[in-house]
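Peer 1: Have a look at the structure that comes next, please.
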Amino acid sequence: MTLCISLSARPSNNGTRFHNYLYDQLGLNWIYKAFAPTDLAQAIAGVRGLGIRGCAVSMPYKEDVIALVDAMDPSAKAIDSVNTIVNDGGRLTAYNTDYTAIEQLLERNAVPAESSVLLKGAGGMAKATAAALRDAGFKDVTIIARNETAGRALAGLYGFQWSAELGGATADLVINVTPVGMAGGPEAGSLSFPVEAVEAAKVVFDVVALPAETPLIKAARAAGKQVITGAEVATIQALEQFVLYTGIRPTDEQVRDAEAFVRAQ
């Protein structure tokens, strides 16, 4: 049996159910497990030493894990952020499928590159999001981050603006890339953007995948806004991980069935 895992401060069953469903449908003798590591270095050493084929990396480890791998695929190296590790005979290569997910969702939802954007967050996922925005041609982007060092660095890297606080700012597209609204967190019931910013936006995007309907997404739907959810991000990035691990790309129907299986929990 081949083992794949995920490492996250707040593990969920979403990735576990998605991968295991597809393993079963495709007749693969594989299994996927989720863990919350107490020591990241030891966890990655375990991936190498135990022959674990693949490892998904979630907040807050997307940058810290860089020093623990052997090679960086261009998808991860370009943004210094990792969400996927593939183990080839003890050699660990890091990838980033978050970027791919953000890129595809912006295109699928036909979000105009001329849109003004407020991007809240400055961690590893924010890097992937900012890179996807830049590469899609977005220019009027402001990074909202209380950490001035991280916020300014991220904004400067992609030619965007930075602000420590949102204040009364609004934009056509607002994107939350912070843990605000995440199930199990201290701000699970909080809005990452105030109601005024939601009402002024044309598109509201929350990368938080658990729950599928975060407070921000619920508020946006109530206001009649176009929404892009973290659950959508999770599906695309998990699919690309699945392909990296197994070398098999499931059919669109199989992916839709896996999504339905995840939602049914």
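In the structure tokens, chains take letters A, B, ... by order of appearance, with residues numbered from 1 within each chain and ligands from 1 in the order shown.
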List every residue of range 34-223 of chain A that DSSP, applied to the backbone of this structure, places in helix (DSSP H, G or I), and write the result as a PDB file with N, CA and C atoms, in the first residue's frame.

Peer 2:
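part.pdb written:
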ATOM      1  N   LEU A  40       7.714  20.076  12.667  1.00  0.00           N
ATOM      2  CA  LEU A  40       7.681  20.003  11.204  1.00  0.00           C
ATOM      3  C   LEU A  40       8.890  19.267  10.642  1.00  0.00           C
ATOM      4  N   ALA A  41      10.067  19.545  11.166  1.00  0.00           N
ATOM      5  CA  ALA A  41      11.278  18.902  10.652  1.00  0.00           C
ATOM      6  C   ALA A  41      11.217  17.392  10.814  1.00  0.00           C
ATOM      7  N   GLN A  42      10.737  16.952  11.962  1.00  0.00           N
ATOM      8  CA  GLN A  42      10.609  15.508  12.179  1.00  0.00           C
ATOM      9  C   GLN A  42       9.556  14.903  11.262  1.00  0.00           C
ATOM     10  N   ALA A  43       8.488  15.656  11.030  1.00  0.00           N
ATOM     11  CA  ALA A  43       7.430  15.152  10.147  1.00  0.00           C
ATOM     12  C   ALA A  43       7.962  14.957   8.729  1.00  0.00           C
ATOM     13  N   ILE A  44       8.723  15.917   8.225  1.00  0.00           N
ATOM     14  CA  ILE A  44       9.277  15.797   6.876  1.00  0.00           C
ATOM     15  C   ILE A  44      10.336  14.693   6.823  1.00  0.00           C
ATOM     16  N   ALA A  45      11.098  14.544   7.892  1.00  0.00           N
ATOM     17  CA  ALA A  45      12.049  13.428   7.956  1.00  0.00           C
ATOM     18  C   ALA A  45      11.305  12.103   7.884  1.00  0.00           C
ATOM     19  N   GLY A  46      10.120  12.053   8.482  1.00  0.00           N
ATOM     20  CA  GLY A  46       9.290  10.854   8.421  1.00  0.00           C
ATOM     21  C   GLY A  46       8.806  10.568   7.013  1.00  0.00           C
ATOM     22  N   VAL A  47       8.455  11.635   6.274  1.00  0.00           N
ATOM     23  CA  VAL A  47       8.046  11.465   4.880  1.00  0.00           C
ATOM     24  C   VAL A  47       9.167  10.788   4.096  1.00  0.00           C
ATOM     25  N   ARG A  48      10.386  11.274   4.316  1.00  0.00           N
ATOM     26  CA  ARG A  48      11.540  10.727   3.610  1.00  0.00           C
ATOM     27  C   ARG A  48      11.849   9.296   4.072  1.00  0.00           C
ATOM     28  N   GLY A  49      11.941   9.129   5.377  1.00  0.00           N
ATOM     29  CA  GLY A  49      12.380   7.847   5.927  1.00  0.00           C
ATOM     30  C   GLY A  49      11.376   6.728   5.794  1.00  0.00           C
ATOM     31  N   ASP A  64       8.008  27.507   5.770  1.00  0.00           N
ATOM     32  CA  ASP A  64       8.970  26.860   6.663  1.00  0.00           C
ATOM     33  C   ASP A  64       9.494  25.540   6.092  1.00  0.00           C
ATOM     34  N   VAL A  65       8.701  24.890   5.277  1.00  0.00           N
ATOM     35  CA  VAL A  65       9.081  23.576   4.768  1.00  0.00           C
ATOM     36  C   VAL A  65      10.164  23.656   3.683  1.00  0.00           C
ATOM     37  N   ILE A  66      10.397  24.845   3.142  1.00  0.00           N
ATOM     38  CA  ILE A  66      11.351  24.999   2.034  1.00  0.00           C
ATOM     39  C   ILE A  66      12.743  24.493   2.403  1.00  0.00           C
ATOM     40  N   ALA A  67      13.155  24.797   3.625  1.00  0.00           N
ATOM     41  CA  ALA A  67      14.496  24.394   4.055  1.00  0.00           C
ATOM     42  C   ALA A  67      14.635  22.887   4.259  1.00  0.00           C
ATOM     43  N   LEU A  68      13.541  22.152   4.203  1.00  0.00           N
ATOM     44  CA  LEU A  68      13.557  20.737   4.537  1.00  0.00           C
ATOM     45  C   LEU A  68      13.471  19.806   3.326  1.00  0.00           C
ATOM     46  N   PRO A  74       9.802  24.747 -10.336  1.00  0.00           N
ATOM     47  CA  PRO A  74       9.579  26.164 -10.647  1.00  0.00           C
ATOM     48  C   PRO A  74       8.271  26.718 -10.087  1.00  0.00           C
ATOM     49  N   SER A  75       7.231  25.878  -9.991  1.00  0.00           N
ATOM     50  CA  SER A  75       5.941  26.342  -9.472  1.00  0.00           C
ATOM     51  C   SER A  75       6.048  26.815  -8.030  1.00  0.00           C
ATOM     52  N   ALA A  76       6.960  26.219  -7.258  1.00  0.00           N
ATOM     53  CA  ALA A  76       7.167  26.617  -5.864  1.00  0.00           C
ATOM     54  C   ALA A  76       8.295  27.632  -5.741  1.00  0.00           C
ATOM     55  N   LYS A  77       9.342  27.442  -6.525  1.00  0.00           N
ATOM     56  CA  LYS A  77      10.509  28.326  -6.432  1.00  0.00           C
ATOM     57  C   LYS A  77      10.168  29.755  -6.808  1.00  0.00           C
ATOM     58  N   ASP A  98      -1.397  25.552  -5.486  1.00  0.00           N
ATOM     59  CA  ASP A  98      -2.303  26.641  -5.126  1.00  0.00           C
ATOM     60  C   ASP A  98      -2.362  27.669  -6.263  1.00  0.00           C
ATOM     61  N   TYR A  99      -1.195  28.005  -6.793  1.00  0.00           N
ATOM     62  CA  TYR A  99      -1.107  28.978  -7.884  1.00  0.00           C
ATOM     63  C   TYR A  99      -2.006  28.548  -9.041  1.00  0.00           C
ATOM     64  N   THR A 100      -1.901  27.285  -9.418  1.00  0.00           N
ATOM     65  CA  THR A 100      -2.705  26.761 -10.522  1.00  0.00           C
ATOM     66  C   THR A 100      -4.190  26.926 -10.248  1.00  0.00           C
ATOM     67  N   ALA A 101      -4.592  26.647  -9.014  1.00  0.00           N
ATOM     68  CA  ALA A 101      -6.001  26.758  -8.645  1.00  0.00           C
ATOM     69  C   ALA A 101      -6.498  28.198  -8.751  1.00  0.00           C
ATOM     70  N   ILE A 102      -5.732  29.132  -8.203  1.00  0.00           N
ATOM     71  CA  ILE A 102      -6.134  30.542  -8.255  1.00  0.00           C
ATOM     72  C   ILE A 102      -6.214  31.019  -9.701  1.00  0.00           C
ATOM     73  N   GLU A 103      -5.202  30.670 -10.483  1.00  0.00           N
ATOM     74  CA  GLU A 103      -5.142  31.061 -11.891  1.00  0.00           C
ATOM     75  C   GLU A 103      -6.379  30.570 -12.639  1.00  0.00           C
ATOM     76  N   GLN A 104      -6.726  29.293 -12.447  1.00  0.00           N
ATOM     77  CA  GLN A 104      -7.869  28.721 -13.162  1.00  0.00           C
ATOM     78  C   GLN A 104      -9.183  29.361 -12.742  1.00  0.00           C
ATOM     79  N   LEU A 105      -9.329  29.647 -11.443  1.00  0.00           N
ATOM     80  CA  LEU A 105     -10.595  30.199 -10.953  1.00  0.00           C
ATOM     81  C   LEU A 105     -10.806  31.642 -11.405  1.00  0.00           C
ATOM     82  N   LEU A 106      -9.746  32.420 -11.464  1.00  0.00           N
ATOM     83  CA  LEU A 106      -9.876  33.782 -11.985  1.00  0.00           C
ATOM     84  C   LEU A 106     -10.328  33.746 -13.444  1.00  0.00           C
ATOM     85  N   GLU A 107      -9.777  32.800 -14.202  1.00  0.00           N
ATOM     86  CA  GLU A 107     -10.131  32.681 -15.621  1.00  0.00           C
ATOM     87  C   GLU A 107     -11.545  32.138 -15.787  1.00  0.00           C
ATOM     88  N   ARG A 108     -11.882  31.092 -15.033  1.00  0.00           N
ATOM     89  CA  ARG A 108     -13.215  30.484 -15.149  1.00  0.00           C
ATOM     90  C   ARG A 108     -14.322  31.469 -14.817  1.00  0.00           C
ATOM     91  N   GLY A 124       2.116  32.228   2.765  1.00  0.00           N
ATOM     92  CA  GLY A 124       2.412  31.432   1.590  1.00  0.00           C
ATOM     93  C   GLY A 124       1.291  31.396   0.573  1.00  0.00           C
ATOM     94  N   MET A 125       0.051  31.247   1.033  1.00  0.00           N
ATOM     95  CA  MET A 125      -1.074  31.218   0.102  1.00  0.00           C
ATOM     96  C   MET A 125      -1.278  32.583  -0.538  1.00  0.00           C
ATOM     97  N   ALA A 126      -1.008  33.655   0.221  1.00  0.00           N
ATOM     98  CA  ALA A 126      -1.119  35.005  -0.325  1.00  0.00           C
ATOM     99  C   ALA A 126      -0.107  35.201  -1.449  1.00  0.00           C
ATOM    100  N   LYS A 127       1.076  34.614  -1.305  1.00  0.00           N
ATOM    101  CA  LYS A 127       2.088  34.704  -2.366  1.00  0.00           C
ATOM    102  C   LYS A 127       1.577  34.053  -3.646  1.00  0.00           C
ATOM    103  N   ALA A 128       0.997  32.868  -3.513  1.00  0.00           N
ATOM    104  CA  ALA A 128       0.461  32.175  -4.684  1.00  0.00           C
ATOM    105  C   ALA A 128      -0.642  32.994  -5.337  1.00  0.00           C
ATOM    106  N   THR A 129      -1.492  33.597  -4.510  1.00  0.00           N
ATOM    107  CA  THR A 129      -2.603  34.398  -5.025  1.00  0.00           C
ATOM    108  C   THR A 129      -2.101  35.654  -5.709  1.00  0.00           C
ATOM    109  N   ALA A 130      -1.155  36.342  -5.078  1.00  0.00           N
ATOM    110  CA  ALA A 130      -0.594  37.566  -5.656  1.00  0.00           C
ATOM    111  C   ALA A 130       0.101  37.268  -6.982  1.00  0.00           C
ATOM    112  N   ALA A 131       0.838  36.163  -7.044  1.00  0.00           N
ATOM    113  CA  ALA A 131       1.531  35.797  -8.283  1.00  0.00           C
ATOM    114  C   ALA A 131       0.530  35.516  -9.397  1.00  0.00           C
ATOM    115  N   ALA A 132      -0.560  34.819  -9.071  1.00  0.00           N
ATOM    116  CA  ALA A 132      -1.582  34.515 -10.071  1.00  0.00           C
ATOM    117  C   ALA A 132      -2.261  35.787 -10.561  1.00  0.00           C
ATOM    118  N   LEU A 133      -2.507  36.721  -9.644  1.00  0.00           N
ATOM    119  CA  LEU A 133      -3.108  38.004 -10.033  1.00  0.00           C
ATOM    120  C   LEU A 133      -2.186  38.764 -10.990  1.00  0.00           C
ATOM    121  N   ARG A 134      -0.910  38.848 -10.610  1.00  0.00           N
ATOM    122  CA  ARG A 134       0.037  39.567 -11.463  1.00  0.00           C
ATOM    123  C   ARG A 134       0.124  38.936 -12.844  1.00  0.00           C
ATOM    124  N   ASP A 135       0.242  37.610 -12.881  1.00  0.00           N
ATOM    125  CA  ASP A 135       0.405  36.926 -14.158  1.00  0.00           C
ATOM    126  C   ASP A 135      -0.853  36.983 -15.015  1.00  0.00           C
ATOM    127  N   GLU A 148       4.059  44.559   8.716  1.00  0.00           N
ATOM    128  CA  GLU A 148       4.583  45.473   7.703  1.00  0.00           C
ATOM    129  C   GLU A 148       5.701  44.843   6.881  1.00  0.00           C
ATOM    130  N   THR A 149       6.588  44.124   7.543  1.00  0.00           N
ATOM    131  CA  THR A 149       7.707  43.516   6.829  1.00  0.00           C
ATOM    132  C   THR A 149       7.214  42.559   5.752  1.00  0.00           C
ATOM    133  N   ALA A 150       6.311  41.646   6.139  1.00  0.00           N
ATOM    134  CA  ALA A 150       5.785  40.666   5.190  1.00  0.00           C
ATOM    135  C   ALA A 150       4.903  41.326   4.139  1.00  0.00           C
ATOM    136  N   GLY A 151       4.075  42.279   4.577  1.00  0.00           N
ATOM    137  CA  GLY A 151       3.161  42.944   3.657  1.00  0.00           C
ATOM    138  C   GLY A 151       3.885  43.761   2.601  1.00  0.00           C
ATOM    139  N   ARG A 152       4.840  44.553   3.030  1.00  0.00           N
ATOM    140  CA  ARG A 152       5.613  45.365   2.083  1.00  0.00           C
ATOM    141  C   ARG A 152       6.419  44.485   1.132  1.00  0.00           C
ATOM    142  N   ALA A 153       6.993  43.417   1.667  1.00  0.00           N
ATOM    143  CA  ALA A 153       7.802  42.521   0.837  1.00  0.00           C
ATOM    144  C   ALA A 153       6.948  41.878  -0.249  1.00  0.00           C
ATOM    145  N   LEU A 154       5.764  41.407   0.126  1.00  0.00           N
ATOM    146  CA  LEU A 154       4.880  40.767  -0.845  1.00  0.00           C
ATOM    147  C   LEU A 154       4.422  41.771  -1.902  1.00  0.00           C
ATOM    148  N   ALA A 155       4.015  42.946  -1.457  1.00  0.00           N
ATOM    149  CA  ALA A 155       3.565  43.982  -2.393  1.00  0.00           C
ATOM    150  C   ALA A 155       4.688  44.382  -3.340  1.00  0.00           C
ATOM    151  N   GLY A 156       5.888  44.565  -2.789  1.00  0.00           N
ATOM    152  CA  GLY A 156       7.020  44.972  -3.614  1.00  0.00           C
ATOM    153  C   GLY A 156       7.418  43.913  -4.625  1.00  0.00           C
ATOM    154  N   LEU A 157       7.282  42.651  -4.247  1.00  0.00           N
ATOM    155  CA  LEU A 157       7.662  41.550  -5.119  1.00  0.00           C
ATOM    156  C   LEU A 157       6.847  41.538  -6.405  1.00  0.00           C
ATOM    157  N   TYR A 158       5.577  41.929  -6.291  1.00  0.00           N
ATOM    158  CA  TYR A 158       4.697  41.856  -7.459  1.00  0.00           C
ATOM    159  C   TYR A 158       4.250  43.221  -7.978  1.00  0.00           C
ATOM    160  N   VAL A 195     -18.851  44.425   6.181  1.00  0.00           N
ATOM    161  CA  VAL A 195     -20.026  44.370   5.310  1.00  0.00           C
ATOM    162  C   VAL A 195     -19.952  45.420   4.210  1.00  0.00           C
ATOM    163  N   GLU A 196     -19.420  46.595   4.544  1.00  0.00           N
ATOM    164  CA  GLU A 196     -19.330  47.673   3.555  1.00  0.00           C
ATOM    165  C   GLU A 196     -18.454  47.275   2.367  1.00  0.00           C
ATOM    166  N   ALA A 197     -17.355  46.583   2.645  1.00  0.00           N
ATOM    167  CA  ALA A 197     -16.464  46.156   1.566  1.00  0.00           C
ATOM    168  C   ALA A 197     -17.113  45.061   0.727  1.00  0.00           C
ATOM    169  N   VAL A 198     -17.873  44.192   1.377  1.00  0.00           N
ATOM    170  CA  VAL A 198     -18.581  43.129   0.661  1.00  0.00           C
ATOM    171  C   VAL A 198     -19.629  43.729  -0.268  1.00  0.00           C
ATOM    172  N   GLU A 199     -20.375  44.674   0.243  1.00  0.00           N
ATOM    173  CA  GLU A 199     -21.448  45.285  -0.549  1.00  0.00           C
ATOM    174  C   GLU A 199     -20.911  46.087  -1.727  1.00  0.00           C
ATOM    175  N   ALA A 200     -19.708  46.652  -1.579  1.00  0.00           N
ATOM    176  CA  ALA A 200     -19.117  47.447  -2.654  1.00  0.00           C
ATOM    177  C   ALA A 200     -18.441  46.585  -3.716  1.00  0.00           C
ATOM    178  N   PRO A 215     -18.181  32.668   6.823  1.00  0.00           N
ATOM    179  CA  PRO A 215     -18.981  33.875   7.062  1.00  0.00           C
ATOM    180  C   PRO A 215     -18.889  34.881   5.916  1.00  0.00           C
ATOM    181  N   LEU A 216     -17.704  35.014   5.312  1.00  0.00           N
ATOM    182  CA  LEU A 216     -17.539  35.949   4.200  1.00  0.00           C
ATOM    183  C   LEU A 216     -18.347  35.509   2.990  1.00  0.00           C
ATOM    184  N   ILE A 217     -18.298  34.237   2.657  1.00  0.00           N
ATOM    185  CA  ILE A 217     -19.048  33.738   1.503  1.00  0.00           C
ATOM    186  C   ILE A 217     -20.553  33.853   1.742  1.00  0.00           C
ATOM    187  N   LYS A 218     -20.987  33.560   2.955  1.00  0.00           N
ATOM    188  CA  LYS A 218     -22.410  33.696   3.277  1.00  0.00           C
ATOM    189  C   LYS A 218     -22.869  35.142   3.117  1.00  0.00           C
ATOM    190  N   ALA A 219     -22.064  36.075   3.615  1.00  0.00           N
ATOM    191  CA  ALA A 219     -22.408  37.495   3.506  1.00  0.00           C
ATOM    192  C   ALA A 219     -22.438  37.935   2.044  1.00  0.00           C
ATOM    193  N   ALA A 220     -21.497  37.423   1.250  1.00  0.00           N
ATOM    194  CA  ALA A 220     -21.441  37.791  -0.163  1.00  0.00           C
ATOM    195  C   ALA A 220     -22.649  37.242  -0.925  1.00  0.00           C
ATOM    196  N   ARG A 221     -23.026  36.003  -0.626  1.00  0.00           N
ATOM    197  CA  ARG A 221     -24.199  35.427  -1.290  1.00  0.00           C
ATOM    198  C   ARG A 221     -25.449  36.214  -0.915  1.00  0.00           C
ATOM    199  N   ALA A 222     -25.554  36.582   0.362  1.00  0.00           N
ATOM    200  CA  ALA A 222     -26.716  37.346   0.821  1.00  0.00           C
ATOM    201  C   ALA A 222     -26.804  38.696   0.123  1.00  0.00           C
TER     202      ALA A 222
END

Peer 1: Write out as a tab-separated table (two decimals) with N, CA and C atoms, in the first residue's frame each polymer residue whose atoms come within 8 Å of Asp70 in chain A, counting only C-alpha atoms; drop sequence neighbours fewer than 3 positions from it.

Peer 2:
chain	number	residue	atom	x	y	z
A	91	ARG	N	14.17	11.37	-2.32
A	91	ARG	CA	14.44	12.74	-2.78
A	91	ARG	C	13.13	13.52	-2.78
A	92	LEU	N	13.06	14.59	-2.02
A	92	LEU	CA	11.83	15.36	-1.86
A	92	LEU	C	11.83	16.59	-2.75
A	93	THR	N	10.85	16.67	-3.63
A	93	THR	CA	10.70	17.81	-4.52
A	93	THR	C	9.42	18.56	-4.15
A	94	ALA	N	9.54	19.88	-4.02
A	94	ALA	CA	8.42	20.73	-3.62
A	94	ALA	C	7.75	21.37	-4.83

Peer 1: List the neighbours of Leu239 in chain A out to 10 Å using only C-alpha atoms; skip same-chain residues closer than 3 positions along the sequence, and give me the result as an mmCIF file with N, CA and C atoms, in the first residue's frame.

Peer 2:
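Saved result, result.cif, follows:
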data_model
loop_
_atom_site.group_PDB
_atom_site.id
_atom_site.type_symbol
_atom_site.label_atom_id
_atom_site.label_comp_id
_atom_site.auth_asym_id
_atom_site.auth_seq_id
_atom_site.Cartn_x
_atom_site.Cartn_y
_atom_site.Cartn_z
ATOM 1 N N GLY A 15 -9.418 16.879 2.060
ATOM 2 C CA GLY A 15 -8.421 16.269 1.192
ATOM 3 C C GLY A 15 -8.391 14.766 1.340
ATOM 4 N N PHE A 18 -11.338 13.367 -0.572
ATOM 5 C CA PHE A 18 -11.158 13.561 -2.010
ATOM 6 C C PHE A 18 -10.183 12.534 -2.576
ATOM 7 N N HIS A 19 -8.991 12.446 -1.982
ATOM 8 C CA HIS A 19 -7.968 11.525 -2.486
ATOM 9 C C HIS A 19 -8.400 10.062 -2.326
ATOM 10 N N LEU A 22 -10.952 8.911 -4.882
ATOM 11 C CA LEU A 22 -10.387 8.660 -6.207
ATOM 12 C C LEU A 22 -9.509 7.418 -6.220
ATOM 13 N N THR A 97 0.608 23.858 -6.098
ATOM 14 C CA THR A 97 -0.591 23.741 -6.934
ATOM 15 C C THR A 97 -1.639 24.780 -6.552
ATOM 16 N N ALA A 101 -4.592 26.647 -9.014
ATOM 17 C CA ALA A 101 -6.001 26.758 -8.645
ATOM 18 C C ALA A 101 -6.498 28.198 -8.751
ATOM 19 N N VAL A 233 -10.994 26.129 -4.638
ATOM 20 C CA VAL A 233 -9.527 26.128 -4.628
ATOM 21 C C VAL A 233 -9.017 24.760 -4.202
ATOM 22 N N ALA A 234 -9.615 24.234 -3.134
ATOM 23 C CA ALA A 234 -9.175 22.956 -2.581
ATOM 24 C C ALA A 234 -9.310 21.826 -3.598
ATOM 25 N N THR A 235 -10.389 21.827 -4.356
ATOM 26 C CA THR A 235 -10.595 20.765 -5.341
ATOM 27 C C THR A 235 -9.532 20.802 -6.425
ATOM 28 N N ILE A 236 -9.263 21.976 -6.973
ATOM 29 C CA ILE A 236 -8.299 22.073 -8.077
ATOM 30 C C ILE A 236 -6.891 21.746 -7.602
ATOM 31 N N PHE A 242 -2.985 15.088 -6.756
ATOM 32 C CA PHE A 242 -3.280 13.691 -7.079
ATOM 33 C C PHE A 242 -2.505 13.257 -8.326
ATOM 34 N N VAL A 243 -2.479 14.113 -9.334
ATOM 35 C CA VAL A 243 -1.766 13.803 -10.575
ATOM 36 C C VAL A 243 -0.265 13.694 -10.323
ATOM 37 N N LEU A 244 0.284 14.612 -9.523
ATOM 38 C CA LEU A 244 1.707 14.563 -9.200
ATOM 39 C C LEU A 244 2.070 13.286 -8.453
ATOM 40 N N TYR A 245 1.219 12.870 -7.531
ATOM 41 C CA TYR A 245 1.498 11.672 -6.735
ATOM 42 C C TYR A 245 1.390 10.396 -7.559
ATOM 43 N N ILE A 248 -1.686 9.830 -12.665
ATOM 44 C CA ILE A 248 -2.983 9.579 -13.299
ATOM 45 C C ILE A 248 -3.859 10.824 -13.176
ATOM 46 N N ARG A 249 -4.493 11.226 -14.283
ATOM 47 C CA ARG A 249 -5.446 12.336 -14.223
ATOM 48 C C ARG A 249 -6.860 11.787 -14.338
ATOM 49 N N PRO A 250 -7.645 11.879 -13.264
ATOM 50 C CA PRO A 250 -9.029 11.386 -13.302
ATOM 51 C C PRO A 250 -9.860 12.151 -14.331
ATOM 52 N N VAL A 255 -13.860 13.554 -10.942
ATOM 53 C CA VAL A 255 -13.560 14.686 -10.057
ATOM 54 C C VAL A 255 -14.845 15.263 -9.482
ATOM 55 N N ALA A 258 -16.024 13.012 -6.805
ATOM 56 C CA ALA A 258 -15.188 13.167 -5.599
ATOM 57 C C ALA A 258 -15.588 14.417 -4.838
#

Peer 1: Just to confirm, what's the straight-line distance from CA of Pro60 in chain A to CA of Phe160 in chain A in Å (one decimal)?

Peer 2: 23.2 Å

Peer 1: Please, which residues of range 79-164 of chain A, numbered as in this document, come out strand (DSSP E or B) from DSSP, as a list in words?

Peer 2: Thr84, Ile85, Val86, Asn87, Asp88, Arg91, Leu92, Thr93, Ala94, Tyr95, Val117, Leu118, Leu119, Lys120, Val141, Thr142, Ile143, Ile144, Gln161, Trp162 and Ser163 of chain A

Peer 1: CA of Asp80 in chain A and CA of Pro112 in chain A are how many Å apart?

Peer 2: 26.6 Å

Peer 1: Write out as a list in words each polymer residue whose atoms come within 10 Å of Asp257 in chain A, counting only C-alpha atoms; drop sequence neighbours fewer than 4 positions from it.

Peer 2: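 Within the cut-off, the hits are Phe18, Tyr21, Leu22, Gln25, Thr251, Asp252, Glu253, Phe261, Val262 and Arg263 of chain A.
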
Peer 1: Here is a test: counting only C-alpha atoms, which residue of A:Glu187, A:Asp172, A:Asp206, A:Asp73 is nearest to Gly230 in chain A?

Peer 2: A:Asp206

Peer 1: Fewer than 5 positions away in the same chain doesn't count, so skip those; otherwise give me all residues within 8 Å of Ser58 in chain A, counting only C-alpha atoms, as a PyMOL selection string.

Peer 2: chain A and resi 6-9+83

Peer 1: I want to know what sits within 6 Å of range 162-165 of chain A, based on only C-alpha atoms, with residues of the same chain fewer than 3 positions away left out; could you give that as a PDB file with N, CA and C atoms, in the first residue's frame?

Peer 2:
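Written output follows (result37.pdb):
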ATOM      1  N   THR A 142      -3.985  45.938  -3.797  1.00  0.00           N
ATOM      2  CA  THR A 142      -3.442  46.376  -2.509  1.00  0.00           C
ATOM      3  C   THR A 142      -3.401  45.188  -1.559  1.00  0.00           C
ATOM      4  N   ILE A 143      -2.226  44.945  -1.005  1.00  0.00           N
ATOM      5  CA  ILE A 143      -2.046  43.893  -0.005  1.00  0.00           C
ATOM      6  C   ILE A 143      -2.388  44.468   1.363  1.00  0.00           C
ATOM      7  N   ILE A 144      -3.310  43.838   2.077  1.00  0.00           N
ATOM      8  CA  ILE A 144      -3.675  44.273   3.428  1.00  0.00           C
ATOM      9  C   ILE A 144      -3.034  43.302   4.411  1.00  0.00           C
ATOM     10  N   ALA A 145      -2.060  43.787   5.177  1.00  0.00           N
ATOM     11  CA  ALA A 145      -1.354  42.909   6.118  1.00  0.00           C
ATOM     12  C   ALA A 145      -0.835  43.727   7.282  1.00  0.00           C
ATOM     13  N   ARG A 146      -1.144  43.296   8.496  1.00  0.00           N
ATOM     14  CA  ARG A 146      -0.673  44.009   9.683  1.00  0.00           C
ATOM     15  C   ARG A 146       0.834  43.912   9.848  1.00  0.00           C
ATOM     16  N   ARG A 152       4.840  44.553   3.030  1.00  0.00           N
ATOM     17  CA  ARG A 152       5.613  45.365   2.083  1.00  0.00           C
ATOM     18  C   ARG A 152       6.419  44.485   1.132  1.00  0.00           C
ATOM     19  N   ALA A 155       4.015  42.946  -1.457  1.00  0.00           N
ATOM     20  CA  ALA A 155       3.565  43.982  -2.393  1.00  0.00           C
ATOM     21  C   ALA A 155       4.688  44.382  -3.340  1.00  0.00           C
TER      22      ALA A 155
END
